$ cat final.cif   # mmCIF, C-alpha atoms
data_query
loop_
_atom_site.group_PDB
_atom_site.id
_atom_site.type_symbol
_atom_site.label_atom_id
_atom_site.label_comp_id
_atom_site.auth_asym_id
_atom_site.auth_seq_id
_atom_site.Cartn_x
_atom_site.Cartn_y
_atom_site.Cartn_z
ATOM 1 C CA MET J 24 0.000 0.000 0.000
ATOM 2 C CA ALA J 25 1.280 3.455 -0.903
ATOM 3 C CA LYS J 26 2.154 5.402 2.220
ATOM 4 C CA ASP J 27 2.471 8.873 0.691
ATOM 5 C CA LEU J 28 1.837 10.791 -2.523
ATOM 6 C CA ASN J 29 5.230 9.908 -3.959
ATOM 7 C CA GLU J 30 4.486 6.216 -3.547
ATOM 8 C CA LEU J 31 1.003 6.688 -5.013
ATOM 9 C CA ARG J 32 2.518 8.431 -8.043
ATOM 10 C CA ALA J 33 4.982 5.562 -8.358
ATOM 11 C CA VAL J 34 2.158 3.007 -8.313
ATOM 12 C CA LEU J 35 0.238 4.902 -11.002
ATOM 13 C CA ASN J 36 3.392 5.197 -13.100
ATOM 14 C CA LYS J 37 4.033 1.469 -12.664
ATOM 15 C CA MET J 38 0.497 0.695 -13.868
ATOM 16 C CA GLU J 39 1.142 2.751 -17.004
ATOM 17 C CA GLU J 40 4.509 1.064 -17.520
ATOM 18 C CA ILE J 41 2.884 -2.367 -17.294
ATOM 19 C CA VAL J 42 0.326 -1.511 -19.976
ATOM 20 C CA ASN J 43 3.078 -0.066 -22.186
ATOM 21 C CA SER J 44 5.116 -3.211 -21.624
ATOM 22 C CA MET J 45 2.142 -5.348 -22.638
ATOM 23 C CA THR J 46 1.852 -3.358 -25.857
ATOM 24 C CA GLU J 47 5.547 -3.862 -26.584
ATOM 25 C CA MET J 48 5.258 -7.609 -25.934
ATOM 26 C CA ASP J 49 2.265 -7.841 -28.251
ATOM 27 C CA ALA J 50 4.294 -6.129 -30.965
ATOM 28 C CA GLU J 51 7.131 -8.614 -30.408
ATOM 29 C CA ILE J 52 4.719 -11.529 -30.714
ATOM 30 C CA LEU J 53 3.196 -10.081 -33.864
ATOM 31 C CA ASP J 54 6.648 -9.463 -35.375
ATOM 32 C CA PHE J 55 7.692 -13.029 -34.568
ATOM 33 C CA VAL J 56 4.557 -14.528 -36.078
ATOM 34 C CA ASP J 57 4.871 -12.300 -39.140
ATOM 35 C CA ALA J 58 8.520 -13.245 -39.648
ATOM 36 C CA ASN J 59 8.219 -16.969 -38.961
ATOM 37 C CA TYR J 60 4.594 -17.949 -39.594
ATOM 38 C CA PRO J 61 3.164 -15.319 -41.939
ATOM 39 C CA ASP J 62 0.342 -17.619 -43.046
ATOM 40 C CA ALA J 63 -0.973 -17.600 -39.471
ATOM 41 C CA LEU J 64 -1.784 -13.923 -39.939
ATOM 42 C CA ASN J 65 -4.347 -14.962 -42.545
ATOM 43 C CA GLU J 66 -6.366 -16.588 -39.774
ATOM 44 C CA GLN J 67 -9.170 -14.217 -38.876
ATOM 45 C CA LYS J 68 -9.417 -15.453 -35.276
ATOM 46 C CA LEU J 69 -5.757 -14.630 -34.647
ATOM 47 C CA ILE J 70 -6.107 -11.155 -36.145
ATOM 48 C CA GLN J 71 -9.267 -10.552 -34.110
ATOM 49 C CA THR J 72 -7.480 -11.672 -30.947
ATOM 50 C CA PHE J 73 -4.628 -9.231 -31.556
ATOM 51 C CA LYS J 74 -7.198 -6.491 -32.165
ATOM 52 C CA THR J 75 -9.110 -7.386 -28.991
ATOM 53 C CA VAL J 76 -5.932 -7.373 -26.914
ATOM 54 C CA GLY J 77 -4.931 -4.026 -28.408
ATOM 55 C CA ASP J 78 -8.358 -2.578 -27.698
ATOM 56 C CA ALA J 79 -8.152 -3.836 -24.105
ATOM 57 C CA GLU J 80 -4.733 -2.232 -23.676
ATOM 58 C CA ASP J 81 -6.068 1.051 -25.059
ATOM 59 C CA GLU J 82 -8.993 0.886 -22.649
ATOM 60 C CA LEU J 83 -6.683 0.131 -19.713
ATOM 61 C CA GLN J 84 -4.546 3.128 -20.651
ATOM 62 C CA ARG J 85 -7.647 5.303 -20.850
ATOM 63 C CA GLN J 86 -8.949 4.049 -17.503
ATOM 64 C CA ILE J 87 -5.581 4.651 -15.817
ATOM 65 C CA GLY J 88 -5.677 8.207 -17.177
ATOM 66 C CA LEU J 89 -9.192 8.662 -15.786
ATOM 67 C CA LEU J 90 -8.118 7.218 -12.444
ATOM 68 C CA ARG J 91 -5.209 9.641 -12.316
ATOM 69 C CA LYS J 92 -7.528 12.527 -13.259
ATOM 70 C CA HIS J 93 -10.112 11.658 -10.591
ATOM 71 C CA LEU J 94 -7.436 11.117 -7.959
ATOM 72 C CA ALA J 95 -5.901 14.488 -8.833
ATOM 73 C CA ALA J 96 -9.319 16.128 -8.496
ATOM 74 C CA GLY J 97 -9.704 14.682 -5.009
ATOM 75 C CA ILE J 98 -6.048 15.064 -4.057
ATOM 76 C CA PRO J 99 -4.805 18.375 -5.497
ATOM 77 C CA ASP J 100 -1.242 17.738 -4.290
ATOM 78 C CA LEU J 101 -1.013 14.604 -6.448
ATOM 79 C CA ASN J 102 0.118 16.607 -9.482
ATOM 80 C CA ALA J 103 2.519 18.783 -7.518
#
$ encode --input "final.cif" --output "structure tokens"
Amino acid sequence: MAKDLNELRAVLNKMEEIVNSMTEMDAEILDFVDANYPDALNEQKLIQTFKTVGDAEDELQRQIGLLRKHLAAGIPDLNA
């Protein structure tokens, strides 16, 4: 549990880093599949799964931004 605003900021930053890391890993997976198994990218279910994962990551990023915004509204010193 965060004990002060600096730790809370660190937790929020870590959440954003995790989502960014997920996006990077997805790109690595896609690059690998494209380079080694390009025919797999013709499978609609695989493409849809990548799209769904990407959409979920985008939504997580958006929700983290909203969380940060609402926390900042309730805790003005958060953005200091």
$ residues_near_point --input "final.cif" --point "(1.6, -2.9, -20.3)" --cutoff "12 Å" --atoms "only C-alpha atoms" --output "mmCIF file with C-alpha atoms, in the coordinates of the input"
data_model
loop_
_atom_site.group_PDB
_atom_site.id
_atom_site.type_symbol
_atom_site.label_atom_id
_atom_site.label_comp_id
_atom_site.auth_asym_id
_atom_site.auth_seq_id
_atom_site.Cartn_x
_atom_site.Cartn_y
_atom_site.Cartn_z
ATOM 1 C CA ASN J 36 3.392 5.197 -13.100
ATOM 2 C CA LYS J 37 4.033 1.469 -12.664
ATOM 3 C CA MET J 38 0.497 0.695 -13.868
ATOM 4 C CA GLU J 39 1.142 2.751 -17.004
ATOM 5 C CA GLU J 40 4.509 1.064 -17.520
ATOM 6 C CA ILE J 41 2.884 -2.367 -17.294
ATOM 7 C CA VAL J 42 0.326 -1.511 -19.976
ATOM 8 C CA ASN J 43 3.078 -0.066 -22.186
ATOM 9 C CA SER J 44 5.116 -3.211 -21.624
ATOM 10 C CA MET J 45 2.142 -5.348 -22.638
ATOM 11 C CA THR J 46 1.852 -3.358 -25.857
ATOM 12 C CA GLU J 47 5.547 -3.862 -26.584
ATOM 13 C CA MET J 48 5.258 -7.609 -25.934
ATOM 14 C CA ASP J 49 2.265 -7.841 -28.251
ATOM 15 C CA ALA J 50 4.294 -6.129 -30.965
ATOM 16 C CA VAL J 76 -5.932 -7.373 -26.914
ATOM 17 C CA GLY J 77 -4.931 -4.026 -28.408
ATOM 18 C CA ALA J 79 -8.152 -3.836 -24.105
ATOM 19 C CA GLU J 80 -4.733 -2.232 -23.676
ATOM 20 C CA ASP J 81 -6.068 1.051 -25.059
ATOM 21 C CA GLU J 82 -8.993 0.886 -22.649
ATOM 22 C CA LEU J 83 -6.683 0.131 -19.713
ATOM 23 C CA GLN J 84 -4.546 3.128 -20.651
ATOM 24 C CA ILE J 87 -5.581 4.651 -15.817
#
$ atom_distance --input "final.cif" --atom1 "CA of Glu51 in chain J" --atom2 "CA of Gly88 in chain J"
24.9 Å
$ atom_distance --input "final.cif" --atom1 "CA of Asp78 in chain J" --atom2 "CA of Asn102 in chain J"
27.8 Å
$ atom_distance --input "final.cif" --atom1 "CA of Ala95 in chain J" --atom2 "CA of Leu28 in chain J"
10.6 Å
$ closest_residue --input "final.cif" --among "J:Pro61, J:Phe55, J:Leu31, J:Met24" --to "Arg91 in chain J" --atoms "all atoms listed in the file"
J:Leu31
$ axis_aligned_box --input "final.cif" --around "range 66-77 of chain J" --padding-each-side "3 Å" --output "lines of an AutoDock Vina configuration file"
center_x = -7.0
center_y = -10.3
center_z = -33.3
size_x = 10.8
size_y = 18.6
size_z = 18.9
$ resolve_selection --input "final.cif" --expression "the PyMOL selection byres ((chain J and resi 100) around 12)" --output "number ranges by chain"
J: 27-29, 31-32, 94-99, 101-103
$ closest_residue --input "final.cif" --among "J:Tyr60, J:Leu53, J:Leu89, J:Val34" --to "Phe73 in chain J" --atoms "all atoms listed in the file"
J:Leu53
$ decode --input "final.cif" --residues "range 38-52 of chain J" --atoms "all heavy atoms" --output "PDB file, in the first residue's frame"
ATOM      1  N   MET J  38       1.651   1.213 -13.121  1.00  0.00           N
ATOM      2  CA  MET J  38       0.497   0.695 -13.868  1.00  0.00           C
ATOM      3  C   MET J  38       0.615   1.066 -15.342  1.00  0.00           C
ATOM      4  O   MET J  38       0.394   0.225 -16.221  1.00  0.00           O
ATOM      5  CB  MET J  38      -0.812   1.245 -13.293  1.00  0.00           C
ATOM      6  CG  MET J  38      -1.192   0.680 -11.951  1.00  0.00           C
ATOM      7  SD  MET J  38      -2.634   1.508 -11.223  1.00  0.00           S
ATOM      8  CE  MET J  38      -3.931   1.000 -12.336  1.00  0.00           C
ATOM      9  N   GLU J  39       0.984   2.314 -15.617  1.00  0.00           N
ATOM     10  CA  GLU J  39       1.142   2.751 -17.004  1.00  0.00           C
ATOM     11  C   GLU J  39       2.285   2.008 -17.688  1.00  0.00           C
ATOM     12  O   GLU J  39       2.165   1.610 -18.853  1.00  0.00           O
ATOM     13  CB  GLU J  39       1.366   4.257 -17.054  1.00  0.00           C
ATOM     14  CG  GLU J  39       0.123   5.044 -16.685  1.00  0.00           C
ATOM     15  CD  GLU J  39       0.364   6.542 -16.581  1.00  0.00           C
ATOM     16  OE1 GLU J  39       1.526   6.963 -16.394  1.00  0.00           O
ATOM     17  OE2 GLU J  39      -0.628   7.281 -16.689  1.00  0.00           O
ATOM     18  N   GLU J  40       3.380   1.800 -16.965  1.00  0.00           N
ATOM     19  CA  GLU J  40       4.509   1.064 -17.520  1.00  0.00           C
ATOM     20  C   GLU J  40       4.122  -0.368 -17.882  1.00  0.00           C
ATOM     21  O   GLU J  40       4.560  -0.901 -18.906  1.00  0.00           O
ATOM     22  CB  GLU J  40       5.670   1.035 -16.518  1.00  0.00           C
ATOM     23  CG  GLU J  40       6.360   2.358 -16.331  1.00  0.00           C
ATOM     24  CD  GLU J  40       7.375   2.315 -15.189  1.00  0.00           C
ATOM     25  OE1 GLU J  40       7.781   1.213 -14.762  1.00  0.00           O
ATOM     26  OE2 GLU J  40       7.739   3.400 -14.716  1.00  0.00           O
ATOM     27  N   ILE J  41       3.311  -0.992 -17.039  1.00  0.00           N
ATOM     28  CA  ILE J  41       2.884  -2.367 -17.294  1.00  0.00           C
ATOM     29  C   ILE J  41       2.067  -2.435 -18.577  1.00  0.00           C
ATOM     30  O   ILE J  41       2.283  -3.319 -19.415  1.00  0.00           O
ATOM     31  CB  ILE J  41       2.100  -2.928 -16.092  1.00  0.00           C
ATOM     32  CG1 ILE J  41       3.054  -3.165 -14.916  1.00  0.00           C
ATOM     33  CG2 ILE J  41       1.354  -4.208 -16.462  1.00  0.00           C
ATOM     34  CD1 ILE J  41       2.367  -3.463 -13.593  1.00  0.00           C
ATOM     35  N   VAL J  42       1.142  -1.509 -18.754  1.00  0.00           N
ATOM     36  CA  VAL J  42       0.326  -1.511 -19.976  1.00  0.00           C
ATOM     37  C   VAL J  42       1.220  -1.264 -21.193  1.00  0.00           C
ATOM     38  O   VAL J  42       1.081  -1.937 -22.220  1.00  0.00           O
ATOM     39  CB  VAL J  42      -0.822  -0.487 -19.905  1.00  0.00           C
ATOM     40  CG1 VAL J  42      -1.571  -0.406 -21.221  1.00  0.00           C
ATOM     41  CG2 VAL J  42      -1.781  -0.855 -18.776  1.00  0.00           C
ATOM     42  N   ASN J  43       2.159  -0.324 -21.075  1.00  0.00           N
ATOM     43  CA  ASN J  43       3.078  -0.066 -22.186  1.00  0.00           C
ATOM     44  C   ASN J  43       3.922  -1.293 -22.491  1.00  0.00           C
ATOM     45  O   ASN J  43       4.176  -1.606 -23.658  1.00  0.00           O
ATOM     46  CB  ASN J  43       3.978   1.136 -21.873  1.00  0.00           C
ATOM     47  CG  ASN J  43       3.215   2.440 -21.892  1.00  0.00           C
ATOM     48  OD1 ASN J  43       2.172   2.563 -22.532  1.00  0.00           O
ATOM     49  ND2 ASN J  43       3.727   3.418 -21.185  1.00  0.00           N
ATOM     50  N   SER J  44       4.337  -1.997 -21.448  1.00  0.00           N
ATOM     51  CA  SER J  44       5.116  -3.211 -21.624  1.00  0.00           C
ATOM     52  C   SER J  44       4.295  -4.285 -22.332  1.00  0.00           C
ATOM     53  O   SER J  44       4.807  -5.004 -23.200  1.00  0.00           O
ATOM     54  CB  SER J  44       5.595  -3.714 -20.264  1.00  0.00           C
ATOM     55  OG  SER J  44       6.337  -4.895 -20.402  1.00  0.00           O
ATOM     56  N   MET J  45       3.022  -4.390 -21.972  1.00  0.00           N
ATOM     57  CA  MET J  45       2.142  -5.348 -22.638  1.00  0.00           C
ATOM     58  C   MET J  45       2.055  -5.034 -24.132  1.00  0.00           C
ATOM     59  O   MET J  45       2.120  -5.939 -24.968  1.00  0.00           O
ATOM     60  CB  MET J  45       0.742  -5.315 -22.018  1.00  0.00           C
ATOM     61  CG  MET J  45       0.668  -5.894 -20.633  1.00  0.00           C
ATOM     62  SD  MET J  45      -0.921  -5.596 -19.816  1.00  0.00           S
ATOM     63  CE  MET J  45      -2.086  -6.264 -20.975  1.00  0.00           C
ATOM     64  N   THR J  46       1.939  -3.769 -24.462  1.00  0.00           N
ATOM     65  CA  THR J  46       1.852  -3.358 -25.857  1.00  0.00           C
ATOM     66  C   THR J  46       3.127  -3.728 -26.605  1.00  0.00           C
ATOM     67  O   THR J  46       3.071  -4.230 -27.731  1.00  0.00           O
ATOM     68  CB  THR J  46       1.582  -1.836 -25.944  1.00  0.00           C
ATOM     69  OG1 THR J  46       0.355  -1.554 -25.261  1.00  0.00           O
ATOM     70  CG2 THR J  46       1.479  -1.371 -27.376  1.00  0.00           C
ATOM     71  N   GLU J  47       4.267  -3.509 -25.970  1.00  0.00           N
ATOM     72  CA  GLU J  47       5.547  -3.862 -26.584  1.00  0.00           C
ATOM     73  C   GLU J  47       5.657  -5.375 -26.791  1.00  0.00           C
ATOM     74  O   GLU J  47       6.138  -5.831 -27.832  1.00  0.00           O
ATOM     75  CB  GLU J  47       6.703  -3.361 -25.728  1.00  0.00           C
ATOM     76  CG  GLU J  47       6.836  -1.859 -25.718  1.00  0.00           C
ATOM     77  CD  GLU J  47       7.829  -1.356 -24.677  1.00  0.00           C
ATOM     78  OE1 GLU J  47       8.592  -2.174 -24.104  1.00  0.00           O
ATOM     79  OE2 GLU J  47       7.836  -0.136 -24.431  1.00  0.00           O
ATOM     80  N   MET J  48       5.208  -6.152 -25.803  1.00  0.00           N
ATOM     81  CA  MET J  48       5.258  -7.609 -25.934  1.00  0.00           C
ATOM     82  C   MET J  48       4.340  -8.084 -27.050  1.00  0.00           C
ATOM     83  O   MET J  48       4.699  -8.992 -27.819  1.00  0.00           O
ATOM     84  CB  MET J  48       4.914  -8.276 -24.609  1.00  0.00           C
ATOM     85  CG  MET J  48       6.012  -8.146 -23.578  1.00  0.00           C
ATOM     86  SD  MET J  48       5.662  -9.039 -22.053  1.00  0.00           S
ATOM     87  CE  MET J  48       4.567  -7.894 -21.235  1.00  0.00           C
ATOM     88  N   ASP J  49       3.173  -7.482 -27.160  1.00  0.00           N
ATOM     89  CA  ASP J  49       2.265  -7.841 -28.251  1.00  0.00           C
ATOM     90  C   ASP J  49       2.917  -7.590 -29.599  1.00  0.00           C
ATOM     91  O   ASP J  49       2.798  -8.398 -30.522  1.00  0.00           O
ATOM     92  CB  ASP J  49       0.958  -7.043 -28.178  1.00  0.00           C
ATOM     93  CG  ASP J  49       0.083  -7.450 -27.020  1.00  0.00           C
ATOM     94  OD1 ASP J  49       0.305  -8.530 -26.446  1.00  0.00           O
ATOM     95  OD2 ASP J  49      -0.834  -6.678 -26.701  1.00  0.00           O
ATOM     96  N   ALA J  50       3.606  -6.458 -29.720  1.00  0.00           N
ATOM     97  CA  ALA J  50       4.294  -6.129 -30.965  1.00  0.00           C
ATOM     98  C   ALA J  50       5.382  -7.155 -31.261  1.00  0.00           C
ATOM     99  O   ALA J  50       5.558  -7.563 -32.420  1.00  0.00           O
ATOM    100  CB  ALA J  50       4.880  -4.723 -30.892  1.00  0.00           C
ATOM    101  N   GLU J  51       6.104  -7.591 -30.219  1.00  0.00           N
ATOM    102  CA  GLU J  51       7.131  -8.614 -30.408  1.00  0.00           C
ATOM    103  C   GLU J  51       6.521  -9.924 -30.886  1.00  0.00           C
ATOM    104  O   GLU J  51       7.067 -10.592 -31.769  1.00  0.00           O
ATOM    105  CB  GLU J  51       7.901  -8.843 -29.108  1.00  0.00           C
ATOM    106  CG  GLU J  51       8.831  -7.715 -28.753  1.00  0.00           C
ATOM    107  CD  GLU J  51       9.640  -8.016 -27.511  1.00  0.00           C
ATOM    108  OE1 GLU J  51      10.010  -9.192 -27.289  1.00  0.00           O
ATOM    109  OE2 GLU J  51       9.897  -7.063 -26.755  1.00  0.00           O
ATOM    110  N   ILE J  52       5.402 -10.298 -30.295  1.00  0.00           N
ATOM    111  CA  ILE J  52       4.719 -11.529 -30.714  1.00  0.00           C
ATOM    112  C   ILE J  52       4.272 -11.409 -32.164  1.00  0.00           C
ATOM    113  O   ILE J  52       4.495 -12.321 -32.981  1.00  0.00           O
ATOM    114  CB  ILE J  52       3.523 -11.828 -29.788  1.00  0.00           C
ATOM    115  CG1 ILE J  52       4.016 -12.184 -28.391  1.00  0.00           C
ATOM    116  CG2 ILE J  52       2.654 -12.949 -30.368  1.00  0.00           C
ATOM    117  CD1 ILE J  52       2.917 -12.207 -27.340  1.00  0.00           C
TER     118      ILE J  52
END
